[in-house]
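Reproduced below: work-v7.pdb, with PDB, C-alpha atoms and all ligand atoms.
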```
MODEL        1
ATOM      1  CA  MET A   1       2.537  -5.920 -15.093
ATOM      2  CA  GLU A   2       4.099  -3.323 -17.350
ATOM      3  CA  ARG A   3       7.668  -2.010 -17.509
ATOM      4  CA  THR A   4       8.817   1.501 -18.234
ATOM      5  CA  PHE A   5      12.148   3.209 -18.581
ATOM      6  CA  ALA A   6      13.178   6.096 -16.331
ATOM      7  CA  ILE A   7      16.211   8.330 -15.923
ATOM      8  CA  ILE A   8      17.225  10.404 -12.934
ATOM      9  CA  LYS A   9      18.819  13.253 -14.873
ATOM     10  CA  PRO A  10      22.197  14.976 -14.251
ATOM     11  CA  ASP A  11      20.642  17.933 -12.373
ATOM     12  CA  ALA A  12      19.309  15.551  -9.709
ATOM     13  CA  VAL A  13      22.506  13.525  -9.381
ATOM     14  CA  GLU A  14      24.495  16.775  -9.028
ATOM     15  CA  ARG A  15      22.199  18.018  -6.242
ATOM     16  CA  ASN A  16      22.324  14.693  -4.323
ATOM     17  CA  VAL A  17      18.572  14.115  -4.549
ATOM     18  CA  THR A  18      18.793  10.662  -6.164
ATOM     19  CA  GLY A  19      17.646   9.045  -2.926
ATOM     20  CA  GLN A  20      14.595  11.310  -2.681
ATOM     21  CA  VAL A  21      13.546  10.324  -6.203
ATOM     22  CA  LEU A  22      14.077   6.620  -5.480
ATOM     23  CA  SER A  23      12.007   6.927  -2.278
ATOM     24  CA  MET A  24       9.121   8.495  -4.200
ATOM     25  CA  ILE A  25       9.358   5.701  -6.786
ATOM     26  CA  GLU A  26       9.227   2.967  -4.143
ATOM     27  CA  GLU A  27       6.525   4.680  -2.096
ATOM     28  CA  ALA A  28       4.371   4.807  -5.247
ATOM     29  CA  GLY A  29       4.584   1.016  -5.496
ATOM     30  CA  PHE A  30       7.035   0.571  -8.376
ATOM     31  CA  LYS A  31       9.498  -2.318  -8.313
ATOM     32  CA  ILE A  32      12.963  -1.355  -9.500
ATOM     33  CA  VAL A  33      13.903  -4.200 -11.856
ATOM     34  CA  GLY A  34      16.988  -2.520 -13.335
ATOM     35  CA  MET A  35      19.250   0.282 -12.116
ATOM     36  CA  LYS A  36      22.644   1.625 -13.164
ATOM     37  CA  LYS A  37      24.693   4.793 -12.894
ATOM     38  CA  ILE A  38      26.202   5.849 -16.201
ATOM     39  CA  GLN A  39      27.513   8.973 -17.912
ATOM     40  CA  LEU A  40      26.281   9.263 -21.480
ATOM     41  CA  THR A  41      28.550  10.525 -24.218
ATOM     42  CA  ARG A  42      27.125  13.319 -26.322
ATOM     43  CA  LYS A  43      26.563  10.813 -29.168
ATOM     44  CA  GLN A  44      24.735   8.396 -26.846
ATOM     45  CA  ALA A  45      22.472  11.224 -25.634
ATOM     46  CA  GLU A  46      21.701  12.153 -29.250
ATOM     47  CA  GLY A  47      20.819   8.530 -30.025
ATOM     48  CA  PHE A  48      18.590   8.282 -26.991
ATOM     49  CA  TYR A  49      16.681  11.485 -27.858
ATOM     50  CA  TYR A  50      16.685  11.005 -31.659
ATOM     51  CA  VAL A  51      12.907  11.634 -31.828
ATOM     52  CA  HIS A  52      13.600  15.214 -30.712
ATOM     53  CA  ALA A  53      16.353  15.822 -33.307
ATOM     54  CA  GLU A  54      14.357  18.521 -35.102
ATOM     55  CA  ARG A  55      13.271  20.353 -31.945
ATOM     56  CA  PRO A  56      15.007  23.685 -31.242
ATOM     57  CA  PHE A  57      16.170  22.555 -27.790
ATOM     58  CA  PHE A  58      17.779  19.308 -29.037
ATOM     59  CA  GLY A  59      21.401  20.526 -28.861
ATOM     60  CA  ASP A  60      21.069  21.970 -25.363
ATOM     61  CA  LEU A  61      19.173  18.886 -24.198
ATOM     62  CA  CYS A  62      21.951  16.536 -25.350
ATOM     63  CA  THR A  63      24.607  18.752 -23.749
ATOM     64  CA  PHE A  64      22.669  18.705 -20.483
ATOM     65  CA  MET A  65      22.050  14.952 -20.523
ATOM     66  CA  SER A  66      25.735  14.186 -21.096
ATOM     67  CA  ARG A  67      27.232  16.719 -18.662
ATOM     68  CA  GLY A  68      27.258  14.351 -15.693
ATOM     69  CA  PRO A  69      26.159  10.913 -14.518
ATOM     70  CA  VAL A  70      22.553   9.756 -14.628
ATOM     71  CA  ILE A  71      20.698   6.875 -12.971
ATOM     72  CA  ALA A  72      18.972   4.663 -15.537
ATOM     73  CA  LEU A  73      16.051   2.622 -14.227
ATOM     74  CA  VAL A  74      13.545   0.052 -15.375
ATOM     75  CA  LEU A  75      10.378   0.257 -13.284
ATOM     76  CA  GLU A  76       7.628  -2.351 -13.050
ATOM     77  CA  LYS A  77       4.035  -1.829 -11.958
ATOM     78  CA  GLU A  78       0.528  -2.156 -13.319
ATOM     79  CA  ASP A  79       0.178   0.627 -15.924
ATOM     80  CA  ALA A  80       3.797   1.553 -15.238
ATOM     81  CA  ILE A  81       4.142   3.897 -18.216
ATOM     82  CA  SER A  82       1.242   6.198 -17.347
ATOM     83  CA  SER A  83       1.779   5.843 -13.579
ATOM     84  CA  TRP A  84       5.380   6.972 -13.925
ATOM     85  CA  ARG A  85       4.423   9.895 -16.184
ATOM     86  CA  ASN A  86       1.885  10.954 -13.540
ATOM     87  CA  LEU A  87       4.438  10.718 -10.739
ATOM     88  CA  MET A  88       6.966  12.746 -12.784
ATOM     89  CA  GLY A  89       4.548  15.627 -13.378
ATOM     90  CA  ALA A  90       4.403  18.168 -16.219
ATOM     91  CA  THR A  91       7.525  18.775 -18.337
ATOM     92  CA  ASN A  92       7.829  22.299 -16.958
ATOM     93  CA  PRO A  93       8.150  22.059 -13.146
ATOM     94  CA  ALA A  94       6.303  25.396 -12.891
ATOM     95  CA  ASN A  95       3.202  23.612 -14.214
ATOM     96  CA  ALA A  96       3.667  20.349 -12.317
ATOM     97  CA  ALA A  97       1.013  19.207  -9.833
ATOM     98  CA  GLU A  98       1.567  18.919  -6.089
ATOM     99  CA  GLY A  99       3.004  15.569  -5.091
ATOM    100  CA  THR A 100       4.949  15.074  -8.310
ATOM    101  CA  ILE A 101       8.716  14.700  -8.576
ATOM    102  CA  ARG A 102       9.129  17.672 -10.906
ATOM    103  CA  LYS A 103       7.066  19.921  -8.608
ATOM    104  CA  LYS A 104       9.199  18.945  -5.629
ATOM    105  CA  LEU A 105      12.634  18.728  -7.230
ATOM    106  CA  GLY A 106      12.561  20.126 -10.784
ATOM    107  CA  VAL A 107      14.650  23.203 -11.592
ATOM    108  CA  SER A 108      13.495  24.291 -15.073
ATOM    109  CA  ILE A 109      11.781  23.039 -18.218
ATOM    110  CA  GLU A 110      15.114  21.520 -19.278
ATOM    111  CA  GLU A 111      16.541  20.490 -15.905
ATOM    112  CA  ASN A 112      13.425  18.667 -14.877
ATOM    113  CA  THR A 113      15.027  15.874 -12.841
ATOM    114  CA  VAL A 114      13.460  12.777 -14.416
ATOM    115  CA  HIS A 115      12.640  11.161 -17.742
ATOM    116  CA  GLY A 116       9.994   8.573 -18.527
ATOM    117  CA  SER A 117       8.943   6.613 -21.604
ATOM    118  CA  ASP A 118       5.758   8.077 -23.083
ATOM    119  CA  ALA A 119       4.386   4.914 -24.779
ATOM    120  CA  PRO A 120       4.990   1.145 -25.002
ATOM    121  CA  GLU A 121       6.921   1.585 -28.281
ATOM    122  CA  THR A 122       9.158   4.175 -26.625
ATOM    123  CA  ALA A 123       9.837   1.881 -23.659
ATOM    124  CA  ALA A 124      10.656  -0.924 -26.114
ATOM    125  CA  TYR A 125      13.372   1.293 -27.641
ATOM    126  CA  GLU A 126      14.661   2.857 -24.440
ATOM    127  CA  ILE A 127      14.956  -0.180 -22.134
ATOM    128  CA  PRO A 128      17.362  -2.129 -24.397
ATOM    129  CA  TYR A 129      19.261   1.109 -25.152
ATOM    130  CA  PHE A 130      20.525   0.876 -21.559
ATOM    131  CA  PHE A 131      19.959  -2.671 -20.305
ATOM    132  CA  SER A 132      20.474  -6.247 -21.457
ATOM    133  CA  ALA A 133      17.809  -8.814 -20.525
ATOM    134  CA  LEU A 134      20.197 -10.331 -17.956
ATOM    135  CA  GLU A 135      20.335  -7.019 -16.055
ATOM    136  CA  LEU A 136      16.584  -6.939 -15.407
ATOM    137  CA  VAL A 137      15.630  -8.889 -12.313
TER     138      VAL A 137
HETATM  139  N1  LIG A 201      11.068  24.133 -24.388
HETATM  140  C1  LIG A 201      12.091  23.411 -23.895
HETATM  141  N2  LIG A 201      13.268  23.989 -23.610
HETATM  142  C2  LIG A 201      14.320  23.289 -23.134
HETATM  143  N3  LIG A 201      14.259  21.956 -22.882
HETATM  144  C3  LIG A 201      13.109  21.337 -23.127
HETATM  145  C4  LIG A 201      11.955  22.025 -23.654
HETATM  146  N4  LIG A 201      10.952  21.129 -23.797
HETATM  147  C5  LIG A 201      11.453  19.959 -23.392
HETATM  148  N5  LIG A 201      12.747  20.066 -22.989
HETATM  149  C6  LIG A 201      13.620  18.993 -22.475
HETATM  150  O1  LIG A 201      13.498  17.878 -23.361
HETATM  151  C7  LIG A 201      12.970  16.751 -22.651
HETATM  152  C8  LIG A 201      12.086  15.979 -23.581
HETATM  153  O2  LIG A 201      10.962  16.778 -23.928
HETATM  154  P1  LIG A 201       9.495  16.165 -23.946
HETATM  155  O3  LIG A 201       8.639  17.150 -24.633
HETATM  156  O4  LIG A 201       9.562  14.757 -24.467
HETATM  157  O5  LIG A 201       9.134  16.174 -22.396
HETATM  158  P2  LIG A 201       8.727  15.002 -21.411
HETATM  159  O6  LIG A 201       8.108  13.904 -22.193
HETATM  160  O7  LIG A 201       7.964  15.585 -20.283
HETATM  161  O8  LIG A 201      10.133  14.578 -20.839
HETATM  162  P3  LIG A 201      10.988  13.247 -21.017
HETATM  163  O9  LIG A 201      10.969  12.881 -22.496
HETATM  164  O10 LIG A 201      12.367  13.651 -20.526
HETATM  165  O11 LIG A 201      10.345  12.244 -20.168
HETATM  166  C9  LIG A 201      12.269  17.377 -21.441
HETATM  167  O12 LIG A 201      12.141  16.494 -20.374
HETATM  168  C10 LIG A 201      13.197  18.524 -21.105
HETATM  169  O13 LIG A 201      14.354  18.071 -20.396
ENDMDL
END
```
Translate this structure into structure tokens?
Amino acid sequence: MERTFAIIKPDAVERNVTGQVLSMIEEAGFKIVGMKKIQLTRKQAEGFYYVHAERPFFGDLCTFMSRGPVIALVLEKEDAISSWRNLMGATNPANAAEGTIRKKLGVSIEENTVHGSDAPETAAYEIPYFFSALELV
């Protein structure tokens, strides 16, 4: 079993589609082993996305990610990291495949509804950024 880190982003919480995302997660066979609702400060968003600090969209991305509450999740499944990336779909919802969360619910390349760790090292940074070991059950 592998664990990955996921976020339901502010655009989805604002549009009341959190439940739809959680249903797709559960229907795909993931176990939710950690879940919390939190609003990131701007600084916390910058720390979370530090790998993107040099990208041109970094400032807007951190503003977006801290503008409202998010749902932080730890998901468990065989090959959880790649399975979750597949269920999310392409970064730009316009390019996302049928059946993916971003195809169904994404708004734009920035407001694309969900985040997922892209590698084991990323998950190892992101999970403890949001959760203590005691919060994962
Ligand atoms: N060209 C862009 N313009 C605006 N925002 C962007 C752009 N590219 C990416 N983003 C935002 O930055 C996030 C991180 O970009 P990245 O390239 O890592 O995409 P991803 O791996 O599909 O998404 P995530 O890291 O959120 O799982 C994207 O999910 C999106 O919200």
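With distances restricted to all atoms listed in the file, A:Arg102 is the closest residue to ligand LIG 201 (chain A) from A:Arg3, A:Lys77, A:Lys43, A:Arg102.
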Handout entry: Test item: residues no farther than 9 Å from ligand LIG 201 (chain A), counting only C-alpha atoms and all ligand atoms, as a VMD selection string
Key = chain A and resid 6 to 7 9 49 51 to 52 55 to 58 60 to 62 64 to 65 85 88 to 92 108 to 118
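Taking atom CA of Pro69 of chain A and atom CA of Met1 of chain A as the two end points, the separation is 29.0 Å.
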Handout entry: Resolved residues for the PyMOL selection byres (((chain A and resi 126) around 10) and not hetatm) as a list in words
Key =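 Written out, the selection comes to Thr4, Phe5, Ala6, Phe48, Tyr49, Val74, Gly116, Ser117, Pro120, Glu121, Thr122, Ala123, Ala124, Tyr125, Ile127, Pro128, Tyr129, Phe130 and Phe131 of chain A.
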Store the residues of this selection in a file with C-alpha atoms, as a compact mmCIF listing (two decimals), keeping the file's coordinate frame.
```txt
# COMPACT_ATOMS: atom_id res chain seq x y z
CA THR A 4 8.82 1.50 -18.23
CA PHE A 5 12.15 3.21 -18.58
CA ALA A 6 13.18 6.10 -16.33
CA PHE A 48 18.59 8.28 -26.99
CA TYR A 49 16.68 11.48 -27.86
CA VAL A 74 13.54 0.05 -15.38
CA GLY A 116 9.99 8.57 -18.53
CA SER A 117 8.94 6.61 -21.60
CA PRO A 120 4.99 1.14 -25.00
CA GLU A 121 6.92 1.58 -28.28
CA THR A 122 9.16 4.18 -26.62
CA ALA A 123 9.84 1.88 -23.66
CA ALA A 124 10.66 -0.92 -26.11
CA TYR A 125 13.37 1.29 -27.64
CA ILE A 127 14.96 -0.18 -22.13
CA PRO A 128 17.36 -2.13 -24.40
CA TYR A 129 19.26 1.11 -25.15
CA PHE A 130 20.52 0.88 -21.56
CA PHE A 131 19.96 -2.67 -20.30
```
Exercise for the section: Rank A:Gly99, A:Gly47, A:Lys31, A:Ser23 by their smallest atom-to-atom distance to Val137 of chain A, using only C-alpha atoms, and report the top residue only. Expected result: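 Of all the options, A:Lys31 lies closest to Val137 of chain A.
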Just need the box for segment 107-118 of chain A, edges along x, y and z, holding every atom the file lists for it with 3 Å tacked onto each side, so centre and edge lengths in Å to one decimal, as JSON.
```
{"center_x": 11.1, "center_y": 15.5, "center_z": -17.3, "size_x": 16.8, "size_y": 23.7, "size_z": 17.5}
```
Exercise for the section: Could you jot down the atom CA of Glu14 of chain A to atom CA of Gln44 of chain A separation for me, Å, one decimal place? Expected result: 19.7 Å
Kindly add N, CA, C and O atoms to the incomplete segment 111-133 of chain A and provide the output as a PDB file, keeping the file's coordinate frame.
```pdb
ATOM      1  N   GLU A 111      15.975  21.247 -17.030  1.00  0.00           N
ATOM      2  CA  GLU A 111      16.541  20.490 -15.905  1.00  0.00           C
ATOM      3  C   GLU A 111      15.393  20.029 -15.010  1.00  0.00           C
ATOM      4  O   GLU A 111      15.182  20.546 -13.910  1.00  0.00           O
ATOM      5  N   ASN A 112      14.654  19.062 -15.554  1.00  0.00           N
ATOM      6  CA  ASN A 112      13.425  18.667 -14.877  1.00  0.00           C
ATOM      7  C   ASN A 112      13.520  17.296 -14.202  1.00  0.00           C
ATOM      8  O   ASN A 112      12.518  16.618 -14.001  1.00  0.00           O
ATOM      9  N   THR A 113      14.759  16.897 -13.851  1.00  0.00           N
ATOM     10  CA  THR A 113      15.027  15.874 -12.841  1.00  0.00           C
ATOM     11  C   THR A 113      14.806  14.433 -13.273  1.00  0.00           C
ATOM     12  O   THR A 113      15.564  13.545 -12.858  1.00  0.00           O
ATOM     13  N   VAL A 114      13.769  14.167 -14.046  1.00  0.00           N
ATOM     14  CA  VAL A 114      13.460  12.777 -14.416  1.00  0.00           C
ATOM     15  C   VAL A 114      12.969  12.678 -15.862  1.00  0.00           C
ATOM     16  O   VAL A 114      12.429  13.641 -16.417  1.00  0.00           O
ATOM     17  N   HIS A 115      13.169  11.513 -16.416  1.00  0.00           N
ATOM     18  CA  HIS A 115      12.640  11.161 -17.742  1.00  0.00           C
ATOM     19  C   HIS A 115      11.760   9.926 -17.596  1.00  0.00           C
ATOM     20  O   HIS A 115      12.008   9.087 -16.738  1.00  0.00           O
ATOM     21  N   GLY A 116      10.785   9.797 -18.478  1.00  0.00           N
ATOM     22  CA  GLY A 116       9.994   8.573 -18.527  1.00  0.00           C
ATOM     23  C   GLY A 116       9.510   8.282 -19.929  1.00  0.00           C
ATOM     24  O   GLY A 116       9.168   9.214 -20.672  1.00  0.00           O
ATOM     25  N   SER A 117       9.481   7.009 -20.295  1.00  0.00           N
ATOM     26  CA  SER A 117       8.943   6.613 -21.604  1.00  0.00           C
ATOM     27  C   SER A 117       7.504   7.102 -21.710  1.00  0.00           C
ATOM     28  O   SER A 117       6.753   7.077 -20.739  1.00  0.00           O
ATOM     29  N   ASP A 118       7.116   7.547 -22.928  1.00  0.00           N
ATOM     30  CA  ASP A 118       5.758   8.077 -23.083  1.00  0.00           C
ATOM     31  C   ASP A 118       4.786   7.096 -23.736  1.00  0.00           C
ATOM     32  O   ASP A 118       3.610   7.425 -23.892  1.00  0.00           O
ATOM     33  N   ALA A 119       5.263   5.903 -24.137  1.00  0.00           N
ATOM     34  CA  ALA A 119       4.386   4.914 -24.779  1.00  0.00           C
ATOM     35  C   ALA A 119       5.096   3.554 -24.780  1.00  0.00           C
ATOM     36  O   ALA A 119       6.326   3.504 -24.631  1.00  0.00           O
ATOM     37  N   PRO A 120       4.345   2.470 -24.980  1.00  0.00           N
ATOM     38  CA  PRO A 120       4.990   1.145 -25.002  1.00  0.00           C
ATOM     39  C   PRO A 120       6.095   1.045 -26.049  1.00  0.00           C
ATOM     40  O   PRO A 120       7.153   0.448 -25.791  1.00  0.00           O
ATOM     41  N   GLU A 121       5.894   1.665 -27.229  1.00  0.00           N
ATOM     42  CA  GLU A 121       6.921   1.585 -28.281  1.00  0.00           C
ATOM     43  C   GLU A 121       8.188   2.318 -27.841  1.00  0.00           C
ATOM     44  O   GLU A 121       9.306   1.913 -28.199  1.00  0.00           O
ATOM     45  N   THR A 122       8.005   3.417 -27.116  1.00  0.00           N
ATOM     46  CA  THR A 122       9.158   4.175 -26.625  1.00  0.00           C
ATOM     47  C   THR A 122       9.920   3.340 -25.586  1.00  0.00           C
ATOM     48  O   THR A 122      11.151   3.250 -25.618  1.00  0.00           O
ATOM     49  N   ALA A 123       9.194   2.730 -24.669  1.00  0.00           N
ATOM     50  CA  ALA A 123       9.837   1.881 -23.659  1.00  0.00           C
ATOM     51  C   ALA A 123      10.583   0.732 -24.336  1.00  0.00           C
ATOM     52  O   ALA A 123      11.689   0.365 -23.909  1.00  0.00           O
ATOM     53  N   ALA A 124      10.026   0.205 -25.413  1.00  0.00           N
ATOM     54  CA  ALA A 124      10.656  -0.924 -26.114  1.00  0.00           C
ATOM     55  C   ALA A 124      11.959  -0.497 -26.790  1.00  0.00           C
ATOM     56  O   ALA A 124      12.830  -1.324 -27.037  1.00  0.00           O
ATOM     57  N   TYR A 125      12.102   0.778 -27.105  1.00  0.00           N
ATOM     58  CA  TYR A 125      13.372   1.293 -27.641  1.00  0.00           C
ATOM     59  C   TYR A 125      14.330   1.640 -26.504  1.00  0.00           C
ATOM     60  O   TYR A 125      15.527   1.326 -26.561  1.00  0.00           O
ATOM     61  N   GLU A 126      13.799   2.278 -25.470  1.00  0.00           N
ATOM     62  CA  GLU A 126      14.661   2.857 -24.440  1.00  0.00           C
ATOM     63  C   GLU A 126      15.241   1.813 -23.483  1.00  0.00           C
ATOM     64  O   GLU A 126      16.396   1.932 -23.067  1.00  0.00           O
ATOM     65  N   ILE A 127      14.449   0.809 -23.108  1.00  0.00           N
ATOM     66  CA  ILE A 127      14.956  -0.180 -22.134  1.00  0.00           C
ATOM     67  C   ILE A 127      16.198  -0.888 -22.691  1.00  0.00           C
ATOM     68  O   ILE A 127      17.252  -0.880 -22.033  1.00  0.00           O
ATOM     69  N   PRO A 128      16.150  -1.457 -23.900  1.00  0.00           N
ATOM     70  CA  PRO A 128      17.362  -2.129 -24.397  1.00  0.00           C
ATOM     71  C   PRO A 128      18.484  -1.176 -24.813  1.00  0.00           C
ATOM     72  O   PRO A 128      19.615  -1.620 -25.034  1.00  0.00           O
ATOM     73  N   TYR A 129      18.190   0.127 -24.902  1.00  0.00           N
ATOM     74  CA  TYR A 129      19.261   1.109 -25.152  1.00  0.00           C
ATOM     75  C   TYR A 129      20.224   1.115 -23.974  1.00  0.00           C
ATOM     76  O   TYR A 129      21.412   1.333 -24.135  1.00  0.00           O
ATOM     77  N   PHE A 130      19.708   0.837 -22.776  1.00  0.00           N
ATOM     78  CA  PHE A 130      20.525   0.876 -21.559  1.00  0.00           C
ATOM     79  C   PHE A 130      20.776  -0.477 -20.910  1.00  0.00           C
ATOM     80  O   PHE A 130      21.755  -0.634 -20.196  1.00  0.00           O
ATOM     81  N   PHE A 131      19.866  -1.429 -21.082  1.00  0.00           N
ATOM     82  CA  PHE A 131      19.959  -2.671 -20.305  1.00  0.00           C
ATOM     83  C   PHE A 131      19.881  -3.896 -21.210  1.00  0.00           C
ATOM     84  O   PHE A 131      19.092  -3.928 -22.167  1.00  0.00           O
ATOM     85  N   SER A 132      20.662  -4.933 -20.841  1.00  0.00           N
ATOM     86  CA  SER A 132      20.474  -6.247 -21.457  1.00  0.00           C
ATOM     87  C   SER A 132      19.418  -7.001 -20.639  1.00  0.00           C
ATOM     88  O   SER A 132      19.158  -6.661 -19.475  1.00  0.00           O
ATOM     89  N   ALA A 133      18.845  -8.040 -21.221  1.00  0.00           N
ATOM     90  CA  ALA A 133      17.809  -8.814 -20.525  1.00  0.00           C
ATOM     91  C   ALA A 133      18.339  -9.362 -19.201  1.00  0.00           C
ATOM     92  O   ALA A 133      17.613  -9.422 -18.197  1.00  0.00           O
TER      93      ALA A 133
END
```
